[in-house]
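J.: One structure follows; several queries about it will come next.
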Amino acid sequence: MFAVTAQSFSTDDPLSGLVLGERPDPEVPDGWTTVTVKAASLNHHDLWSLRGVGLKEDALPMILGCDAAGHDEDGNEVVVHAVVSSPDWTGDETLDPRRSLLSERYQGTFAERVAVPRRNVVPKPPSLSFEEAACLPTAWLTAYRMLFTQGGLKSGDTVLVQGAGGGVATALISLARAGGLRVLATSRDESKRAKALELGAHDVFESGERLPAKVDAVMETVGRATWAHSIRSLRPGGRIVISGTTSGPKLDDAMLTNIFFLQLSVIGSTMGTRDELAALATMLDATGVRPLLDRTLPMQQARDGFAALADGDVFGKIVFTL
Ligand SMILES: NC(=O)c1ccc[n+]([C@@H]2O[C@H](COP(=O)([O-])OP(=O)(O)OC[C@H]3O[C@@H](n4cnc5c(N)ncnc54)[C@H](OP(=O)(O)O)[C@@H]3O)[C@@H](O)[C@H]2O)c1
């Protein structure tokens with residue numbers, strides 16, 4: 001079958017390890033099923049994989065991709081849940097210390113077919129296209145859990161979303177708006193700030209710009225470049241929910257004094273549960289909110305999508321179709 005794989009790692013030139021071509025059909029262990037992929041979306045995670053982050057050398061070649069929508073073995077339209085927990089794990093699978101994401105231990109979704117545990121298949125609402133549904137399992141699920149589970153946000157709260165152009169960030173803006181929050185967003189880029197407004201942000205700011213009022217919570221995926229601004233933007237007792245560090249994880253100053261003196265909470269968030277993915281699909285069906293697609297490409301042109309993400313030349317999700 002056709003697949004997009006990581007063959008080697010490079011920190012400086014991640015695309016050098018990207019190989020498009022034929023791979024064997026997936027092995028299907030007991031209790032697993034095969035999904036025929038119609039659409040799969042690209043995440044920053046796939047670039048990290050090509051840099052050797054979260055992926056071991058002895059796992060190569062590895063088919064990349066965490067997210068997919070397609071048909072199950074009975075022809076039903078489904079969305080694939082990307083978090084694979086241990087067979088005996090019960091409860092919140094994001095807390096399983098042995099969990100992995102598709103494309104880390106098990107072959108990923110950038111292929112004609114992908115094998116997943118049976119419980120990792122969620123019905124796709126008919127109102128969502130395959131391309132839209134393929135955006136849900138990583139970026140949109142992460143955003144959903146950040147806002148409504150880890151962030152505990154409710155309608156009427158005010159939230160700041162850092163780095164408006166990102167896949168997770170655009171999902172945060174859309175979902176926060178649909179959930180009745182006041183939404184502020186930052187971006188380094190003027191055109192991305194304009195698009196964030198179109199997407200539903202009430203107000204937009206340059207990265208690092210002082211806000212007119214403090215917010216209840218900040219959604220962080222940028223890390224080093226925006227951390228100080230995130231801390232300074234919170235009201236006393238406010239929360240930072242962090243799920244990524246695109247600009248780097250190391251801080252010169254973690255601003256610990258501000259954190260204890262203003263009684264701020266710093267809350268980590270990773271992916272989401274199968275139940276949250278099902279709830280997210282229902283929320284999109286009910287509200288009419290849809291993932292913003294930056295571009296849709298045939299999977300045979302996946303290299304162009306990876307290059308655009310590596311250049312930061314993206315607003316919304318890049319989706320590959322088969
Ligand atoms: N924990 C989880 O479960 C989970 C799940 C999904 C993603 N993630 C992580 O979340 C992060 C975002 O993922 P993504 O797929 O949304 O990535 P992305 O689409 O590449 O978005 C990254 C955004 O970060 C902003 N940014 C990057 N460098 C910056 C800098 N130096 N200064 C200010 N802003 C900067 C940019 O916003 P502007 O250009 O608008 O300023 C960019 O659009 C990644 O680190 C990813 O690994 C984690």
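Going through the structure tokens in order, the chains are called A, B, and so on, while each chain numbers its residues from 1 and the ligands are numbered from 1 in the order shown.
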Tell me, as a PyMOL selection string, which residues lie within 9 Å of Thr142 (chain A), counting only C-alpha atoms; anything in the same chain fewer than 6 positions away does not count.
T.: chain A and resi 136+168+171-172+243+269-272
J.: Please extract the residues at most 7 Å from ligand 1, counting only C-alpha atoms and all ligand atoms, and provide them as a JSON list (two decimals) with N, CA and C atoms, in the first residue's frame, using the chain letters and residue numbers of this document.
T.:
[["chain", "number", "residue", "atom", "x", "y", "z"],
["A", 43, "ASN", "N", 0.21, 17.09, 11.61],
["A", 43, "ASN", "CA", 0.43, 17.80, 12.88],
["A", 43, "ASN", "C", 1.91, 18.12, 13.03],
["A", 44, "HIS", "N", 2.19, 19.09, 13.88],
["A", 44, "HIS", "CA", 3.58, 19.38, 14.21],
["A", 44, "HIS", "C", 4.28, 18.13, 14.74],
["A", 45, "HIS", "N", 3.51, 17.26, 15.37],
["A", 45, "HIS", "CA", 4.04, 15.99, 15.89],
["A", 45, "HIS", "C", 4.79, 15.21, 14.80],
["A", 138, "THR", "N", -6.17, 14.80, 16.88],
["A", 138, "THR", "CA", -5.02, 15.34, 17.62],
["A", 138, "THR", "C", -5.24, 16.82, 17.95],
["A", 139, "ALA", "N", -5.19, 17.68, 16.94],
["A", 139, "ALA", "CA", -5.24, 19.13, 17.23],
["A", 139, "ALA", "C", -6.55, 19.52, 17.89],
["A", 142, "THR", "N", -7.04, 17.87, 21.37],
["A", 142, "THR", "CA", -6.15, 18.54, 22.34],
["A", 142, "THR", "C", -6.77, 19.86, 22.78],
["A", 163, "GLY", "N", -0.32, 32.30, 19.67],
["A", 163, "GLY", "CA", 0.11, 31.74, 18.38],
["A", 163, "GLY", "C", -1.05, 31.33, 17.50],
["A", 164, "ALA", "N", -1.89, 32.33, 17.15],
["A", 164, "ALA", "CA", -3.21, 32.07, 16.54],
["A", 164, "ALA", "C", -3.19, 31.18, 15.30],
["A", 165, "GLY", "N", -2.06, 31.14, 14.58],
["A", 165, "GLY", "CA", -2.06, 30.43, 13.31],
["A", 165, "GLY", "C", -1.98, 28.92, 13.42],
["A", 166, "GLY", "N", -1.60, 28.40, 14.57],
["A", 166, "GLY", "CA", -1.33, 26.97, 14.69],
["A", 166, "GLY", "C", -2.57, 26.10, 14.56],
["A", 167, "GLY", "N", -2.34, 24.81, 14.31],
["A", 167, "GLY", "CA", -3.44, 23.86, 14.20],
["A", 167, "GLY", "C", -4.23, 23.77, 15.49],
["A", 168, "VAL", "N", -3.54, 23.64, 16.62],
["A", 168, "VAL", "CA", -4.23, 23.58, 17.91],
["A", 168, "VAL", "C", -4.86, 24.94, 18.20],
["A", 169, "ALA", "N", -4.13, 26.02, 17.89],
["A", 169, "ALA", "CA", -4.61, 27.37, 18.22],
["A", 169, "ALA", "C", -5.89, 27.71, 17.46],
["A", 186, "THR", "N", -3.25, 35.95, 20.06],
["A", 186, "THR", "CA", -2.05, 36.65, 19.59],
["A", 186, "THR", "C", -1.48, 35.94, 18.39],
["A", 187, "SER", "N", -0.81, 36.71, 17.53],
["A", 187, "SER", "CA", -0.02, 36.13, 16.45],
["A", 187, "SER", "C", 1.06, 37.13, 16.09],
["A", 188, "ARG", "N", 2.18, 36.61, 15.58],
["A", 188, "ARG", "CA", 3.26, 37.49, 15.13],
["A", 188, "ARG", "C", 2.91, 38.15, 13.81],
["A", 189, "ASP", "N", 1.92, 37.60, 13.15],
["A", 189, "ASP", "CA", 1.67, 37.94, 11.75],
["A", 189, "ASP", "C", 0.33, 38.67, 11.60],
["A", 192, "LYS", "N", -2.45, 36.69, 9.90],
["A", 192, "LYS", "CA", -2.99, 35.63, 10.77],
["A", 192, "LYS", "C", -3.92, 36.22, 11.84],
["A", 207, "SER", "N", 2.11, 39.31, 19.17],
["A", 207, "SER", "CA", 2.75, 38.48, 20.19],
["A", 207, "SER", "C", 3.45, 39.38, 21.20],
["A", 221, "THR", "N", 0.64, 26.81, 23.47],
["A", 221, "THR", "CA", 1.30, 25.75, 22.71],
["A", 221, "THR", "C", 2.65, 26.24, 22.19],
["A", 222, "VAL", "N", 2.94, 27.53, 22.39],
["A", 222, "VAL", "CA", 4.15, 28.12, 21.80],
["A", 222, "VAL", "C", 5.36, 27.91, 22.71],
["A", 225, "ALA", "N", 8.69, 31.36, 23.65],
["A", 225, "ALA", "CA", 8.50, 32.69, 23.05],
["A", 225, "ALA", "C", 7.35, 33.47, 23.69],
["A", 226, "THR", "N", 6.38, 32.79, 24.26],
["A", 226, "THR", "CA", 5.20, 33.50, 24.77],
["A", 226, "THR", "C", 4.98, 33.33, 26.28],
["A", 243, "SER", "N", 0.04, 22.61, 26.28],
["A", 243, "SER", "CA", 0.08, 21.30, 25.60],
["A", 243, "SER", "C", 1.20, 21.22, 24.59],
["A", 244, "GLY", "N", 2.02, 22.26, 24.49],
["A", 244, "GLY", "CA", 3.10, 22.19, 23.50],
["A", 244, "GLY", "C", 4.08, 23.33, 23.69],
["A", 245, "THR", "N", 5.26, 23.19, 23.06],
["A", 245, "THR", "CA", 6.33, 24.19, 23.19],
["A", 245, "THR", "C", 7.00, 24.36, 21.82],
["A", 246, "THR", "N", 6.22, 24.81, 20.85],
["A", 246, "THR", "CA", 6.73, 24.91, 19.48],
["A", 246, "THR", "C", 8.02, 25.73, 19.40],
["A", 247, "SER", "N", 8.14, 26.82, 20.17],
["A", 247, "SER", "CA", 9.33, 27.67, 20.09],
["A", 247, "SER", "C", 10.43, 27.21, 21.05],
["A", 269, "SER", "N", -1.55, 19.39, 29.59],
["A", 269, "SER", "CA", -2.66, 18.73, 28.90],
["A", 269, "SER", "C", -2.10, 17.96, 27.72],
["A", 270, "THR", "N", -2.51, 16.74, 27.57],
["A", 270, "THR", "CA", -2.02, 15.92, 26.46],
["A", 270, "THR", "C", -3.17, 15.17, 25.82],
["A", 271, "MET", "N", -3.36, 15.42, 24.52],
["A", 271, "MET", "CA", -4.37, 14.72, 23.74],
["A", 271, "MET", "C", -5.72, 14.72, 24.45],
["A", 309, "LEU", "N", 4.42, 23.30, 6.66],
["A", 309, "LEU", "CA", 4.35, 23.32, 8.13],
["A", 309, "LEU", "C", 5.72, 23.69, 8.71],
["A", 312, "GLY", "N", 6.27, 27.29, 8.68],
["A", 312, "GLY", "CA", 5.32, 28.09, 9.44],
["A", 312, "GLY", "C", 4.31, 28.79, 8.55],
["A", 314, "VAL", "N", 1.33, 28.41, 7.44],
["A", 314, "VAL", "CA", 0.09, 27.64, 7.58],
["A", 314, "VAL", "C", -0.89, 28.41, 8.44],
["A", 315, "PHE", "N", -2.18, 28.36, 8.06],
["A", 315, "PHE", "CA", -3.23, 28.83, 8.98],
["A", 315, "PHE", "C", -4.33, 27.79, 8.96],
["A", 316, "GLY", "N", -4.40, 27.01, 10.02],
["A", 316, "GLY", "CA", -5.36, 25.90, 10.07],
["A", 316, "GLY", "C", -4.67, 24.59, 9.75]]
J.: Have a look at A:Arg99, A:His71, A:Arg290, A:His229 and name the one nearest to Ile173 (chain A); count only C-alpha atoms.
T.: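 Once distances to Ile173 (chain A) are computed over only C-alpha atoms, the minimum belongs to A:Arg290.
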J.: Would you mind writing down, as a PyMOL selection string, each residue of region 33-131 of chain A that DSSP on the backbone assigns to strand (DSSP E or B)?
T.: chain A and resi 33-41+62-63+69-71+77-80+83-84+100-101+111+113-117+121-123
J.: Deliver the residues from the most recent selection as a file, using N, CA, C and O atoms, as a short mmCIF file (atom, residue, chain, number, x, y, z; two decimals), in the first residue's frame.
T.:
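Here's the written file selection-v5.cif:
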data_model
loop_
_atom_site.label_atom_id
_atom_site.label_comp_id
_atom_site.auth_asym_id
_atom_site.auth_seq_id
_atom_site.Cartn_x
_atom_site.Cartn_y
_atom_site.Cartn_z
N THR A 33 -8.58 -3.62 14.52
CA THR A 33 -9.33 -3.59 13.29
C THR A 33 -8.59 -2.72 12.28
O THR A 33 -7.67 -1.98 12.65
N THR A 34 -9.00 -2.81 11.02
CA THR A 34 -8.33 -2.00 9.99
C THR A 34 -9.28 -0.91 9.51
O THR A 34 -10.46 -1.17 9.24
N VAL A 35 -8.77 0.30 9.41
CA VAL A 35 -9.54 1.41 8.85
C VAL A 35 -8.93 1.77 7.49
O VAL A 35 -7.71 1.92 7.36
N THR A 36 -9.79 1.88 6.48
CA THR A 36 -9.36 2.33 5.15
C THR A 36 -9.42 3.85 5.16
O THR A 36 -10.47 4.46 5.36
N VAL A 37 -8.24 4.47 4.99
CA VAL A 37 -8.12 5.91 5.21
C VAL A 37 -8.64 6.69 4.00
O VAL A 37 -8.27 6.41 2.86
N LYS A 38 -9.50 7.68 4.27
CA LYS A 38 -9.97 8.59 3.22
C LYS A 38 -9.26 9.94 3.34
O LYS A 38 -9.01 10.60 2.34
N ALA A 39 -8.99 10.36 4.59
CA ALA A 39 -8.29 11.63 4.81
C ALA A 39 -7.49 11.54 6.10
O ALA A 39 -7.90 10.85 7.04
N ALA A 40 -6.35 12.22 6.12
CA ALA A 40 -5.49 12.22 7.32
C ALA A 40 -4.88 13.61 7.43
O ALA A 40 -4.54 14.22 6.43
N SER A 41 -4.79 14.14 8.65
CA SER A 41 -4.28 15.51 8.79
C SER A 41 -2.88 15.51 9.40
O SER A 41 -2.49 14.62 10.14
N MET A 62 8.96 4.16 10.01
CA MET A 62 7.66 4.30 10.67
C MET A 62 6.73 5.10 9.77
O MET A 62 7.10 6.19 9.29
N ILE A 63 5.53 4.58 9.54
CA ILE A 63 4.51 5.37 8.82
C ILE A 63 4.07 6.50 9.74
O ILE A 63 3.71 6.26 10.90
N ALA A 69 -9.62 9.77 9.16
CA ALA A 69 -11.04 9.42 9.05
C ALA A 69 -11.17 8.52 7.83
O ALA A 69 -10.44 8.69 6.85
N GLY A 70 -12.08 7.57 7.92
CA GLY A 70 -12.22 6.65 6.80
C GLY A 70 -13.36 5.67 7.04
O GLY A 70 -14.35 6.03 7.72
N HIS A 71 -13.21 4.47 6.50
CA HIS A 71 -14.24 3.44 6.65
C HIS A 71 -13.71 2.30 7.50
O HIS A 71 -12.56 1.87 7.34
N GLU A 77 -18.60 5.00 8.40
CA GLU A 77 -17.71 6.17 8.40
C GLU A 77 -17.22 6.42 9.82
O GLU A 77 -18.05 6.56 10.75
N VAL A 78 -15.91 6.45 10.01
CA VAL A 78 -15.36 6.54 11.37
C VAL A 78 -14.23 7.55 11.45
O VAL A 78 -13.62 7.93 10.44
N VAL A 79 -13.96 7.96 12.69
CA VAL A 79 -12.79 8.77 13.03
C VAL A 79 -11.89 7.89 13.90
O VAL A 79 -12.39 7.14 14.75
N VAL A 80 -10.60 7.99 13.68
CA VAL A 80 -9.65 7.16 14.44
C VAL A 80 -9.16 7.94 15.67
O VAL A 80 -8.71 9.08 15.54
N VAL A 83 -4.80 7.86 20.47
CA VAL A 83 -4.12 7.44 21.70
C VAL A 83 -4.32 5.94 21.91
O VAL A 83 -5.46 5.49 22.09
N VAL A 84 -3.23 5.17 21.89
CA VAL A 84 -3.33 3.73 22.08
C VAL A 84 -2.85 3.40 23.49
O VAL A 84 -1.68 3.61 23.82
N SER A 100 0.68 5.27 23.89
CA SER A 100 1.46 5.89 22.82
C SER A 100 0.49 6.48 21.81
O SER A 100 -0.72 6.22 21.86
N LEU A 101 1.05 7.29 20.92
CA LEU A 101 0.25 7.88 19.85
C LEU A 101 0.53 7.08 18.59
O LEU A 101 1.67 6.64 18.38
N ALA A 111 -1.35 6.46 5.23
CA ALA A 111 -1.28 5.21 4.46
C ALA A 111 -2.68 4.86 3.99
O ALA A 111 -3.67 5.40 4.50
N ARG A 113 -4.18 2.12 4.53
CA ARG A 113 -4.87 1.42 5.62
C ARG A 113 -4.07 1.57 6.91
O ARG A 113 -2.84 1.64 6.87
N VAL A 114 -4.81 1.61 8.05
CA VAL A 114 -4.15 1.69 9.35
C VAL A 114 -4.86 0.72 10.31
O VAL A 114 -6.09 0.62 10.29
N ALA A 115 -4.06 0.01 11.11
CA ALA A 115 -4.62 -0.90 12.12
C ALA A 115 -4.69 -0.18 13.46
O ALA A 115 -3.73 0.50 13.85
N VAL A 116 -5.85 -0.31 14.13
CA VAL A 116 -6.03 0.33 15.45
C VAL A 116 -6.83 -0.60 16.35
O VAL A 116 -7.58 -1.44 15.85
N PRO A 117 -6.69 -0.45 17.69
CA PRO A 117 -7.56 -1.21 18.58
C PRO A 117 -9.03 -0.89 18.27
O PRO A 117 -9.35 0.25 17.92
N VAL A 121 -12.02 3.40 17.47
CA VAL A 121 -12.80 3.83 16.31
C VAL A 121 -14.09 4.49 16.82
O VAL A 121 -14.81 3.91 17.63
N VAL A 122 -14.30 5.73 16.39
CA VAL A 122 -15.45 6.54 16.85
C VAL A 122 -16.31 6.87 15.63
O VAL A 122 -15.75 7.22 14.57
N PRO A 123 -17.65 6.81 15.75
CA PRO A 123 -18.48 7.14 14.59
C PRO A 123 -18.24 8.58 14.11
O PRO A 123 -18.11 9.49 14.92
#
J.: What's around Asp96 (chain A) at 8 Å? Count only C-alpha atoms, leave out sequence neighbours fewer than 4 positions away in its own chain, and write the answer as a list of chain:residue names.
T.: A:Ser85, A:Ser86, A:Trp89, A:Asp92
J.: How many Å lie between CA of Gln263 (chain A) and CA of Ser230 (chain A), rounded to one decimal?
T.: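 Spanning CA of Gln263 (chain A) to CA of Ser230 (chain A) is a straight-line distance of 14.2 Å.
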